[in-house]
$ cat work_23.csv   # CSV, C-alpha atoms
chain,number,residue,atom,x,y,z
A,595,MET,CA,-51.3,-3.2,-21.2
A,596,HIS,CA,-48.6,-1.9,-23.5
A,597,LYS,CA,-45.6,-0.6,-21.8
A,598,VAL,CA,-44.6,2.8,-23.3
A,599,SER,CA,-40.8,3.0,-23.9
A,600,VAL,CA,-38.4,5.9,-24.0
A,601,ARG,CA,-37.8,5.3,-27.7
A,602,GLU,CA,-41.6,5.7,-28.4
A,603,ILE,CA,-41.6,9.0,-26.5
A,604,SER,CA,-38.5,10.0,-28.4
A,605,ARG,CA,-40.2,9.3,-31.8
A,606,ALA,CA,-43.4,11.2,-30.6
A,607,THR,CA,-41.6,14.3,-29.4
A,608,GLY,CA,-38.6,14.4,-31.8
A,609,PHE,CA,-36.1,14.5,-29.0
A,610,SER,CA,-33.3,12.0,-28.7
A,611,PRO,CA,-33.6,9.0,-26.4
A,612,ALA,CA,-30.8,10.4,-24.3
A,613,THR,CA,-32.7,13.7,-23.9
A,614,VAL,CA,-35.9,11.9,-23.1
A,615,SER,CA,-34.2,9.7,-20.5
A,616,ASN,CA,-32.5,12.7,-18.9
A,617,ALA,CA,-35.8,14.6,-18.7
A,618,LEU,CA,-37.7,11.7,-17.2
A,619,ASN,CA,-34.9,11.1,-14.7
A,620,HIS,CA,-34.8,14.8,-13.7
A,621,LYS,CA,-31.2,15.4,-14.8
A,622,ARG,CA,-30.2,19.0,-15.0
A,623,ASN,CA,-28.6,18.9,-18.5
A,624,VAL,CA,-32.0,19.3,-20.1
A,625,SER,CA,-33.7,22.7,-20.1
A,626,GLU,CA,-36.9,23.0,-18.1
A,627,GLU,CA,-38.9,23.9,-21.1
A,628,THR,CA,-37.8,20.8,-23.0
A,629,ALA,CA,-38.2,18.6,-19.9
A,630,GLU,CA,-41.8,19.8,-19.4
A,631,LYS,CA,-42.7,19.0,-23.0
A,632,ILE,CA,-41.2,15.5,-22.7
A,633,ARG,CA,-42.9,14.7,-19.3
A,634,ALA,CA,-46.2,16.0,-20.6
A,635,ALA,CA,-46.0,13.7,-23.6
A,636,ALA,CA,-44.9,10.8,-21.5
A,637,LYS,CA,-47.8,11.3,-19.2
A,638,ALA,CA,-50.3,11.5,-22.1
A,639,MET,CA,-48.9,8.3,-23.6
A,640,GLY,CA,-49.2,6.5,-20.3
A,641,TYR,CA,-45.5,6.1,-19.6
A,642,GLN,CA,-44.6,4.6,-16.2
A,643,HIS,CA,-41.2,5.1,-14.7
A,644,PRO,CA,-39.5,1.8,-14.0
A,645,SER,CA,-39.5,0.9,-10.3
A,646,GLN,CA,-36.5,-1.5,-10.4
A,647,LEU,CA,-33.6,-2.6,-12.5
A,648,ASP,CA,-33.3,-6.0,-14.1
A,649,ALA,CA,-29.5,-6.2,-14.4
A,650,ILE,CA,-26.2,-4.4,-14.0
A,651,THR,CA,-23.7,-4.1,-16.8
A,652,PHE,CA,-20.2,-3.9,-15.6
A,653,VAL,CA,-17.9,-2.2,-18.2
A,654,LEU,CA,-14.2,-2.9,-17.7
A,655,ALA,CA,-12.5,-0.1,-19.6
A,656,ARG,CA,-8.9,-0.6,-20.6
A,657,LYS,CA,-6.6,2.0,-22.0
A,658,THR,CA,-3.2,0.1,-21.6
A,659,GLY,CA,-4.3,-2.7,-19.3
A,660,ALA,CA,-1.1,-2.0,-17.2
A,661,ILE,CA,-3.3,-1.0,-14.2
A,662,VAL,CA,-6.5,-3.0,-14.4
A,663,ASP,CA,-4.8,-6.3,-15.6
A,664,GLU,CA,-2.0,-6.2,-13.1
A,665,SER,CA,-3.7,-5.6,-9.8
A,666,THR,CA,-5.9,-7.9,-7.8
A,667,PHE,CA,-7.8,-4.7,-6.8
A,668,HIS,CA,-10.3,-4.8,-9.6
A,669,PRO,CA,-11.5,-8.5,-9.2
A,670,SER,CA,-12.4,-7.6,-5.6
A,671,VAL,CA,-14.3,-4.5,-6.8
A,672,ILE,CA,-16.2,-6.7,-9.3
A,673,GLU,CA,-17.1,-9.2,-6.6
A,674,GLY,CA,-18.6,-6.3,-4.6
A,675,VAL,CA,-20.7,-5.3,-7.6
A,676,GLU,CA,-21.9,-8.8,-8.2
A,677,ARG,CA,-22.7,-9.4,-4.5
A,678,GLN,CA,-24.8,-6.2,-4.2
A,679,ALA,CA,-26.6,-6.9,-7.5
A,680,ARG,CA,-27.6,-10.3,-6.2
A,681,ARG,CA,-29.0,-8.8,-3.0
A,682,HIS,CA,-31.3,-6.7,-5.2
A,683,GLY,CA,-32.3,-9.7,-7.3
A,684,MET,CA,-30.3,-8.6,-10.3
A,685,GLY,CA,-27.7,-10.4,-12.5
A,686,THR,CA,-24.5,-8.8,-13.7
A,687,ALA,CA,-23.3,-8.8,-17.3
A,688,PHE,CA,-19.6,-8.0,-18.2
A,689,VAL,CA,-18.3,-6.0,-21.1
A,690,SER,CA,-14.7,-5.2,-21.8
A,691,LEU,CA,-13.9,-2.1,-23.9
A,692,ASP,CA,-10.5,-1.1,-25.3
A,693,PHE,CA,-10.1,2.7,-25.2
A,694,SER,CA,-6.6,2.7,-26.7
A,695,ASP,CA,-8.4,3.6,-30.0
A,696,LEU,CA,-11.2,6.0,-29.4
A,697,ASP,CA,-12.5,5.9,-32.9
A,698,ALA,CA,-12.8,2.1,-32.8
A,699,VAL,CA,-14.5,2.0,-29.4
A,700,ARG,CA,-16.9,4.9,-30.1
A,701,PRO,CA,-19.7,2.8,-31.7
A,702,GLN,CA,-19.4,0.1,-29.0
A,703,VAL,CA,-20.0,2.8,-26.3
A,704,ALA,CA,-22.8,4.3,-28.3
A,705,ALA,CA,-24.6,0.9,-28.5
A,706,LEU,CA,-24.2,0.5,-24.7
A,707,VAL,CA,-25.4,3.9,-23.6
A,708,SER,CA,-28.3,4.3,-26.1
A,709,ASP,CA,-30.5,1.9,-24.1
A,710,PRO,CA,-32.4,4.0,-21.6
A,711,SER,CA,-33.3,0.9,-19.5
A,712,ALA,CA,-29.7,-0.1,-19.0
A,713,ALA,CA,-27.8,0.4,-15.7
A,714,ILE,CA,-24.0,0.6,-16.1
A,715,VAL,CA,-21.1,0.5,-13.7
A,716,LEU,CA,-18.1,1.9,-15.6
A,717,LEU,CA,-14.7,1.1,-14.2
A,718,GLY,CA,-12.9,4.3,-14.9
A,719,THR,CA,-9.5,3.5,-13.4
A,720,GLU,CA,-7.6,4.0,-16.7
A,721,LEU,CA,-9.9,6.6,-18.3
A,722,GLY,CA,-9.3,10.4,-18.9
A,723,GLU,CA,-11.6,13.2,-19.8
A,724,GLU,CA,-11.3,12.5,-23.6
A,725,ASP,CA,-12.7,9.0,-22.8
A,726,TYR,CA,-15.6,10.2,-20.6
A,727,ALA,CA,-16.7,12.4,-23.5
A,728,LEU,CA,-18.0,9.3,-25.2
A,729,PHE,CA,-20.5,8.8,-22.3
A,730,ARG,CA,-21.7,12.5,-22.3
A,731,ASP,CA,-25.1,11.9,-23.9
A,732,THR,CA,-25.9,8.6,-22.3
A,733,ALA,CA,-29.5,7.5,-22.1
A,734,ALA,CA,-28.6,4.7,-19.7
A,735,ARG,CA,-28.1,5.1,-16.0
A,736,LEU,CA,-24.4,5.3,-15.3
A,737,VAL,CA,-22.1,5.3,-12.2
A,738,VAL,CA,-18.4,5.7,-12.7
A,739,LEU,CA,-16.3,3.5,-10.3
A,740,ASP,CA,-12.7,4.3,-9.4
A,741,GLY,CA,-12.6,7.3,-11.7
A,742,TRP,CA,-14.4,10.6,-12.3
A,743,SER,CA,-14.9,13.4,-14.8
A,744,ASP,CA,-14.4,17.1,-14.0
A,745,ARG,CA,-16.1,18.1,-17.3
A,746,PHE,CA,-19.2,16.0,-17.3
A,747,ASP,CA,-21.8,15.3,-14.7
A,748,PHE,CA,-21.6,11.6,-13.8
A,749,ASP,CA,-22.3,9.9,-10.5
A,750,ALA,CA,-18.9,8.5,-9.3
A,751,VAL,CA,-17.6,6.4,-6.5
A,752,VAL,CA,-13.9,6.8,-5.7
A,753,MET,CA,-11.4,6.3,-3.0
A,754,ALA,CA,-10.2,9.3,-0.9
A,755,ASN,CA,-6.9,9.3,-2.8
A,756,GLU,CA,-5.5,12.7,-1.9
A,757,GLY,CA,-6.3,12.7,1.8
A,758,SER,CA,-5.2,9.1,2.2
A,759,ALA,CA,-1.8,9.8,0.6
A,760,LEU,CA,-1.4,12.9,2.8
A,761,ARG,CA,-2.0,10.8,5.9
A,762,ALA,CA,0.4,8.1,4.8
A,763,VAL,CA,3.2,10.5,4.2
A,764,ARG,CA,2.4,12.3,7.4
A,765,TYR,CA,3.0,8.9,9.1
A,766,LEU,CA,6.5,9.0,7.7
A,767,THR,CA,7.2,12.6,8.8
A,768,GLU,CA,6.0,11.8,12.3
A,769,ARG,CA,8.6,9.1,12.5
A,770,GLY,CA,11.3,11.5,11.8
A,771,HIS,CA,11.8,11.1,8.0
A,772,LYS,CA,12.8,14.3,6.3
A,773,ARG,CA,14.1,13.0,3.0
A,774,ILE,CA,11.1,11.3,1.4
A,775,GLY,CA,11.0,10.0,-2.1
A,776,TYR,CA,8.1,9.3,-4.5
A,777,LEU,CA,7.8,6.0,-6.5
A,778,SER,CA,5.7,7.3,-9.4
A,779,GLY,CA,3.8,5.1,-11.9
A,780,ASP,CA,4.7,5.9,-15.5
A,781,PHE,CA,1.0,5.8,-16.6
A,782,ARG,CA,-0.5,8.8,-14.8
A,783,ILE,CA,-4.1,7.7,-14.0
A,784,GLN,CA,-6.3,10.1,-12.1
A,785,ASN,CA,-5.8,8.2,-8.8
A,786,PHE,CA,-2.0,8.6,-9.1
A,787,ARG,CA,-2.3,12.3,-9.7
A,788,ALA,CA,-4.5,12.7,-6.7
A,789,ARG,CA,-2.1,10.7,-4.5
A,790,GLU,CA,0.7,12.8,-5.8
A,791,ARG,CA,-1.1,16.0,-4.6
A,792,GLY,CA,-1.5,14.4,-1.2
A,793,PHE,CA,2.1,13.5,-1.1
A,794,PHE,CA,3.3,17.1,-1.7
A,795,ARG,CA,0.6,18.5,0.6
A,796,ALA,CA,2.2,16.4,3.4
A,797,LEU,CA,5.7,17.6,2.6
A,798,ASP,CA,4.5,21.2,2.6
A,799,GLU,CA,2.7,20.7,5.9
A,800,ALA,CA,5.9,19.4,7.4
A,801,GLY,CA,8.0,22.1,5.9
A,802,LEU,CA,10.1,19.6,4.0
A,803,GLY,CA,11.8,20.1,0.6
A,804,PHE,CA,11.8,17.6,-2.2
A,805,ASP,CA,14.8,16.7,-4.5
A,806,PRO,CA,13.6,15.8,-8.0
A,807,LEU,CA,16.2,13.0,-7.9
A,808,TRP,CA,14.0,11.4,-5.2
A,809,ARG,CA,11.2,10.9,-7.7
A,810,ILE,CA,11.6,7.6,-9.4
A,811,GLU,CA,9.3,6.6,-12.3
A,812,LEU,CA,8.5,3.0,-12.5
A,813,GLY,CA,6.4,0.8,-14.9
A,814,THR,CA,3.1,-0.2,-13.5
A,815,THR,CA,3.5,-4.0,-13.8
A,816,LEU,CA,5.4,-5.9,-11.1
A,817,GLU,CA,8.2,-6.9,-13.4
A,818,ARG,CA,8.6,-3.5,-14.9
A,819,ALA,CA,8.6,-1.8,-11.5
A,820,TYR,CA,11.4,-4.2,-10.4
A,821,GLU,CA,13.4,-3.7,-13.6
A,822,ASP,CA,13.1,0.1,-13.6
A,823,MET,CA,14.0,0.3,-9.9
A,824,LYS,CA,17.0,-2.0,-10.5
A,825,ALA,CA,18.2,0.2,-13.3
A,826,LYS,CA,17.8,3.3,-11.2
A,827,LEU,CA,19.7,1.8,-8.3
A,828,ALA,CA,22.6,0.9,-10.6
A,829,ASN,CA,23.2,4.6,-11.1
A,830,ILE,CA,22.7,6.1,-7.7
A,831,HIS,CA,24.8,5.8,-4.5
A,832,GLN,CA,23.0,4.5,-1.5
A,833,ALA,CA,23.9,7.6,0.5
A,834,ASP,CA,22.0,9.7,-2.0
A,835,LEU,CA,18.7,7.7,-1.5
A,836,PRO,CA,16.0,9.3,0.6
A,837,THR,CA,15.3,7.6,3.9
A,838,ALA,CA,11.7,6.7,2.9
A,839,PHE,CA,9.5,6.3,-0.2
A,840,PHE,CA,5.8,6.7,-0.8
A,841,ALA,CA,4.6,4.6,-3.8
A,842,ASP,CA,1.6,5.2,-6.0
A,843,ASN,CA,0.4,1.6,-5.3
A,844,ASP,CA,1.5,-1.7,-3.9
A,845,VAL,CA,2.6,-3.1,-7.2
A,846,LEU,CA,5.3,-0.4,-7.5
A,847,ALA,CA,6.3,-0.7,-3.9
A,848,VAL,CA,6.8,-4.5,-4.0
A,849,GLY,CA,8.7,-4.3,-7.3
A,850,ALA,CA,10.9,-1.7,-5.7
A,851,LEU,CA,11.4,-3.8,-2.5
A,852,ARG,CA,12.8,-6.7,-4.6
A,853,ALA,CA,15.2,-4.4,-6.4
A,854,LEU,CA,16.4,-2.7,-3.2
A,855,ALA,CA,17.0,-6.1,-1.5
A,856,GLU,CA,19.1,-7.2,-4.5
A,857,ALA,CA,21.1,-3.9,-4.3
A,858,GLY,CA,21.9,-4.5,-0.6
A,859,VAL,CA,19.6,-1.7,0.6
A,860,ARG,CA,17.8,-2.9,3.7
A,861,VAL,CA,14.1,-2.1,4.2
A,862,PRO,CA,13.2,-0.6,6.6
A,863,GLU,CA,16.7,0.0,8.2
A,864,ASP,CA,18.1,1.9,5.3
A,865,VAL,CA,14.9,2.9,3.4
A,866,SER,CA,11.3,2.8,4.5
A,867,ILE,CA,8.5,2.2,2.0
A,868,ILE,CA,4.7,2.7,2.1
A,869,GLY,CA,2.3,1.5,-0.6
A,870,PHE,CA,-1.3,2.0,-1.5
A,871,ASP,CA,-4.2,-0.4,-2.1
A,872,ASP,CA,-3.3,-3.2,0.4
A,873,LEU,CA,-3.0,-6.0,-2.1
A,874,SER,CA,-2.1,-9.6,-0.9
A,875,ILE,CA,1.3,-9.3,-2.5
A,876,GLY,CA,2.2,-6.6,0.0
A,877,ALA,CA,1.1,-8.6,3.0
A,878,PHE,CA,3.5,-11.5,1.9
A,879,SER,CA,6.4,-9.4,0.7
A,880,THR,CA,9.8,-9.2,2.5
A,881,PRO,CA,9.3,-7.3,4.7
A,882,PRO,CA,5.5,-7.1,4.8
A,883,LEU,CA,4.5,-3.8,3.3
A,884,SER,CA,2.9,-0.9,5.3
A,885,THR,CA,0.2,0.4,3.1
A,886,VAL,CA,-3.2,2.2,2.7
A,887,HIS,CA,-6.1,-0.2,2.8
A,888,VAL,CA,-8.8,0.4,0.2
A,889,LEU,CA,-12.3,-1.0,0.8
A,890,LYS,CA,-12.5,-2.9,-2.5
A,891,HIS,CA,-15.7,-4.8,-2.1
A,892,GLU,CA,-17.5,-1.9,-0.5
A,893,VAL,CA,-16.8,0.5,-3.4
A,894,GLY,CA,-18.4,-1.9,-5.8
A,895,GLU,CA,-21.4,-2.3,-3.5
A,896,ILE,CA,-21.8,1.4,-3.1
A,897,ALA,CA,-21.9,1.9,-7.0
A,898,VAL,CA,-24.8,-0.6,-7.3
A,899,ARG,CA,-26.7,1.0,-4.4
A,900,ARG,CA,-26.3,4.3,-6.2
A,901,LEU,CA,-27.8,3.0,-9.4
A,902,VAL,CA,-30.7,1.4,-7.5
A,903,GLY,CA,-31.3,4.7,-5.6
A,904,ASN,CA,-31.3,6.7,-8.8
A,905,VAL,CA,-34.2,4.5,-10.1
A,906,ASN,CA,-36.2,4.6,-6.9
A,907,ASN,CA,-35.6,8.3,-6.3
A,908,PRO,CA,-34.6,10.2,-9.5
A,909,LYS,CA,-32.7,13.4,-8.9
A,910,ASN,CA,-31.5,16.4,-10.9
A,911,TYR,CA,-27.9,16.3,-9.6
A,912,THR,CA,-25.0,13.9,-9.5
A,913,CYS,CA,-22.7,13.0,-6.6
A,914,LYS,CA,-19.0,12.1,-6.3
A,915,THR,CA,-18.7,9.8,-3.3
A,916,LEU,CA,-15.3,9.6,-1.6
A,917,VAL,CA,-14.8,6.3,0.2
A,918,SER,CA,-12.5,6.4,3.2
A,919,THR,CA,-9.4,4.2,3.7
A,920,TYR,CA,-7.3,3.2,6.7
A,921,PHE,CA,-3.6,2.7,7.2
A,922,VAL,CA,-2.1,-0.8,7.7
A,923,GLU,CA,1.1,-0.8,9.7
A,924,ARG,CA,3.4,-3.7,9.0
A,925,LYS,CA,7.2,-3.9,8.8
A,926,SER,CA,8.4,-1.7,6.0
A,927,VAL,CA,8.7,1.5,8.0
A,928,CYS,CA,10.9,2.3,10.9
A,929,GLU,CA,11.8,5.4,13.0
A,930,HIS,CA,14.5,7.6,11.6
$ encode --input "work_23.csv" --output "structure tokens"
Amino acid sequence: MHKVSVREISRATGFSPATVSNALNHKRNVSEETAEKIRAAAKAMGYQHPSQLDAITFVLARKTGAIVDESTFHPSVIEGVERQARRHGMGTAFVSLDFSDLDAVRPQVAALVSDPSAAIVLLGTELGEEDYALFRDTAARLVVLDGWSDRFDFDAVVMANEGSALRAVRYLTERGHKRIGYLSGDFRIQNFRARERGFFRALDEAGLGFDPLWRIELGTTLERAYEDMKAKLANIHQADLPTAFFADNDVLAVGALRALAEAGVRVPEDVSIIGFDDLSIGAFSTPPLSTVHVLKHEVGEIAVRRLVGNVNNPKNYTCKTLVSTYFVERKSVCEH
């Protein structure tokens, strides 16, 4: 028996494949009148909604590469995607897209998302709203991982960035720190901005002020973070440093640790530091880094389960899933 495709329904009804796919998957961005026409035509043509996926396409989106290429976080996420896909009898294909030139990447995205049978996990770590606009009319099933859109309705799986940062900084205030600085990545991805909000919420909660001089902007590679921190320390007296720093991630924290050690600043005796992500480099730094542990494999697995669930039980809404973290106490923080 011939299997009726979304493209055939599109040709028969005059609606785009994306609109047809959205209607058949009960997405809310199609008017009810249009959706009813499409579903009636699909039923008359003998269309059967697919009961399972054949494969997952993992899209590694780069804007600068300074985040996704530097950290060991993302390979662990990919392992989680692959592992969960295998459990459902599916393979995983990998596509890398360069979003530094939106005009150049636009046709590549269009080719990916025009296939209504495709299932995509999009790594959104480095993406912003202007990039997500390219996925707005996707016919494929899509889950954004480690990123989200406030303008467009995509399913997303992200870490609880803001709340986790708040609790990490609260850990410092509970240990008597009142002068807390912020090691800020110079490429402001969504995760960093959310962690920054958590940082300042914690200061407000504790009734603490913040000196702009305590915000130190660092490059997001290990070498750049080290060099930038080294340059900053060359122009600041140790007495003017805060007693603790919260860093946007472990890469920044470990680069800063090296620069502080070379400048004769003891960690944690003179300055305490907390990172975020719990990468292996932090566990073996000197001293070992206190940090926020992110469930790397699990977020990849959750994204795949979301795609499978959307096939088995289509819905007319999207969900943003916040995955919890936990704090790892090592040797880079002391009482003050």
$ closest_residue --input "work_23.csv" --among "A:Arg924, A:Arg852, A:His930, A:Lys909" --to "Asp872 (chain A)" --atoms "all atoms listed in the file"
A:Arg924
$ closest_residue --input "work_23.csv" --among "A:Ser694, A:Ser665, A:Asn904, A:Thr912" --to "Leu846 (chain A)" --atoms "all atoms listed in the file"
A:Ser665
$ closest_residue --input "work_23.csv" --among "A:Glu790, A:Glu723, A:Asp663, A:Asp844" --to "Ser778 (chain A)" --atoms "only C-alpha atoms"
A:Glu790
$ closest_residue --input "work_23.csv" --among "A:Ala855, A:Leu797, A:Val861, A:Val751" --to "Ile774 (chain A)" --atoms "only C-alpha atoms"
A:Leu797
$ residues_around --input "work_23.csv" --residues "Ala762 (chain A)" --least-positions-apart "3" --cutoff "9 Å" --atoms "all atoms listed in the file" --output "list in words"
Gly757, Ser758, Ala759, Tyr765, Leu766, Gly792, Phe793, Ala796, Phe840, Ile868, Gly869, Phe870, Thr885, Val886 and Phe921 of chain A
$ residues_around --input "work_23.csv" --residues "Gly685 (chain A)" --least-positions-apart "5" --cutoff "9 Å" --atoms "all atoms listed in the file" --output "short mmCIF file (atom, residue, chain, number, x, y, z; two decimals) with C-alpha atoms, in the frame of the given file"
data_model
loop_
_atom_site.label_atom_id
_atom_site.label_comp_id
_atom_site.auth_asym_id
_atom_site.auth_seq_id
_atom_site.Cartn_x
_atom_site.Cartn_y
_atom_site.Cartn_z
CA ASP A 648 -33.30 -6.00 -14.10
CA ALA A 649 -29.50 -6.20 -14.40
CA ILE A 650 -26.20 -4.40 -14.00
CA THR A 651 -23.70 -4.10 -16.80
CA GLU A 676 -21.90 -8.80 -8.20
CA ALA A 679 -26.60 -6.90 -7.50
CA ARG A 680 -27.60 -10.30 -6.20
#
$ build_atoms --input "work_23.csv" --residues "region 754-763 of chain A" --atoms "all heavy atoms" --output "PDB file, keeping the file's coordinate frame"
ATOM      1  N   ALA A 754     -10.738   8.010  -1.347  1.00  0.00           N
ATOM      2  CA  ALA A 754     -10.200   9.300  -0.900  1.00  0.00           C
ATOM      3  C   ALA A 754      -8.710   9.319  -1.126  1.00  0.00           C
ATOM      4  O   ALA A 754      -7.912   9.253  -0.186  1.00  0.00           O
ATOM      5  CB  ALA A 754     -10.565   9.533   0.556  1.00  0.00           C
ATOM      6  N   ASN A 755      -8.315   9.421  -2.388  1.00  0.00           N
ATOM      7  CA  ASN A 755      -6.900   9.300  -2.800  1.00  0.00           C
ATOM      8  C   ASN A 755      -6.000  10.320  -2.143  1.00  0.00           C
ATOM      9  O   ASN A 755      -4.975  10.001  -1.539  1.00  0.00           O
ATOM     10  CB  ASN A 755      -6.770   9.311  -4.287  1.00  0.00           C
ATOM     11  CG  ASN A 755      -7.291   8.076  -4.962  1.00  0.00           C
ATOM     12  OD1 ASN A 755      -6.717   7.005  -4.859  1.00  0.00           O
ATOM     13  ND2 ASN A 755      -8.395   8.219  -5.687  1.00  0.00           N
ATOM     14  N   GLU A 756      -6.373  11.580  -2.321  1.00  0.00           N
ATOM     15  CA  GLU A 756      -5.500  12.700  -1.900  1.00  0.00           C
ATOM     16  C   GLU A 756      -5.293  12.677  -0.384  1.00  0.00           C
ATOM     17  O   GLU A 756      -4.164  12.717   0.124  1.00  0.00           O
ATOM     18  CB  GLU A 756      -6.023  14.008  -2.386  1.00  0.00           C
ATOM     19  CG  GLU A 756      -5.097  15.178  -2.085  1.00  0.00           C
ATOM     20  CD  GLU A 756      -5.534  16.467  -2.764  1.00  0.00           C
ATOM     21  OE1 GLU A 756      -6.289  16.400  -3.767  1.00  0.00           O
ATOM     22  OE2 GLU A 756      -5.125  17.552  -2.295  1.00  0.00           O
ATOM     23  N   GLY A 757      -6.401  12.650   0.346  1.00  0.00           N
ATOM     24  CA  GLY A 757      -6.300  12.700   1.800  1.00  0.00           C
ATOM     25  C   GLY A 757      -5.605  11.460   2.364  1.00  0.00           C
ATOM     26  O   GLY A 757      -4.867  11.551   3.351  1.00  0.00           O
ATOM     27  N   SER A 758      -5.818  10.308   1.749  1.00  0.00           N
ATOM     28  CA  SER A 758      -5.200   9.100   2.200  1.00  0.00           C
ATOM     29  C   SER A 758      -3.677   9.114   2.023  1.00  0.00           C
ATOM     30  O   SER A 758      -2.909   8.671   2.890  1.00  0.00           O
ATOM     31  CB  SER A 758      -5.783   7.868   1.508  1.00  0.00           C
ATOM     32  OG  SER A 758      -7.172   7.790   1.730  1.00  0.00           O
ATOM     33  N   ALA A 759      -3.246   9.634   0.865  1.00  0.00           N
ATOM     34  CA  ALA A 759      -1.800   9.800   0.600  1.00  0.00           C
ATOM     35  C   ALA A 759      -1.184  10.764   1.590  1.00  0.00           C
ATOM     36  O   ALA A 759      -0.085  10.546   2.105  1.00  0.00           O
ATOM     37  CB  ALA A 759      -1.561  10.200  -0.825  1.00  0.00           C
ATOM     38  N   LEU A 760      -1.895  11.859   1.840  1.00  0.00           N
ATOM     39  CA  LEU A 760      -1.400  12.900   2.800  1.00  0.00           C
ATOM     40  C   LEU A 760      -1.152  12.215   4.161  1.00  0.00           C
ATOM     41  O   LEU A 760      -0.097  12.413   4.771  1.00  0.00           O
ATOM     42  CB  LEU A 760      -2.402  14.003   2.913  1.00  0.00           C
ATOM     43  CG  LEU A 760      -2.019  15.188   3.808  1.00  0.00           C
ATOM     44  CD1 LEU A 760      -2.677  16.462   3.305  1.00  0.00           C
ATOM     45  CD2 LEU A 760      -2.413  14.966   5.264  1.00  0.00           C
ATOM     46  N   ARG A 761      -2.115  11.412   4.620  1.00  0.00           N
ATOM     47  CA  ARG A 761      -2.000  10.800   5.900  1.00  0.00           C
ATOM     48  C   ARG A 761      -0.844   9.744   5.949  1.00  0.00           C
ATOM     49  O   ARG A 761      -0.139   9.581   6.954  1.00  0.00           O
ATOM     50  CB  ARG A 761      -3.288  10.161   6.369  1.00  0.00           C
ATOM     51  CG  ARG A 761      -4.344  11.196   6.734  1.00  0.00           C
ATOM     52  CD  ARG A 761      -5.557  10.559   7.374  1.00  0.00           C
ATOM     53  NE  ARG A 761      -6.290   9.707   6.440  1.00  0.00           N
ATOM     54  CZ  ARG A 761      -7.239  10.146   5.624  1.00  0.00           C
ATOM     55  NH1 ARG A 761      -7.554  11.442   5.623  1.00  0.00           N
ATOM     56  NH2 ARG A 761      -7.868   9.322   4.828  1.00  0.00           N
ATOM     57  N   ALA A 762      -0.658   9.047   4.835  1.00  0.00           N
ATOM     58  CA  ALA A 762       0.400   8.100   4.800  1.00  0.00           C
ATOM     59  C   ALA A 762       1.782   8.722   4.840  1.00  0.00           C
ATOM     60  O   ALA A 762       2.688   8.241   5.546  1.00  0.00           O
ATOM     61  CB  ALA A 762       0.288   7.254   3.467  1.00  0.00           C
ATOM     62  N   VAL A 763       1.948   9.823   4.131  1.00  0.00           N
ATOM     63  CA  VAL A 763       3.200  10.500   4.200  1.00  0.00           C
ATOM     64  C   VAL A 763       3.423  11.219   5.513  1.00  0.00           C
ATOM     65  O   VAL A 763       4.538  11.290   6.042  1.00  0.00           O
ATOM     66  CB  VAL A 763       3.335  11.527   2.995  1.00  0.00           C
ATOM     67  CG1 VAL A 763       4.650  12.298   3.047  1.00  0.00           C
ATOM     68  CG2 VAL A 763       3.214  10.786   1.661  1.00  0.00           C
TER      69      VAL A 763
END
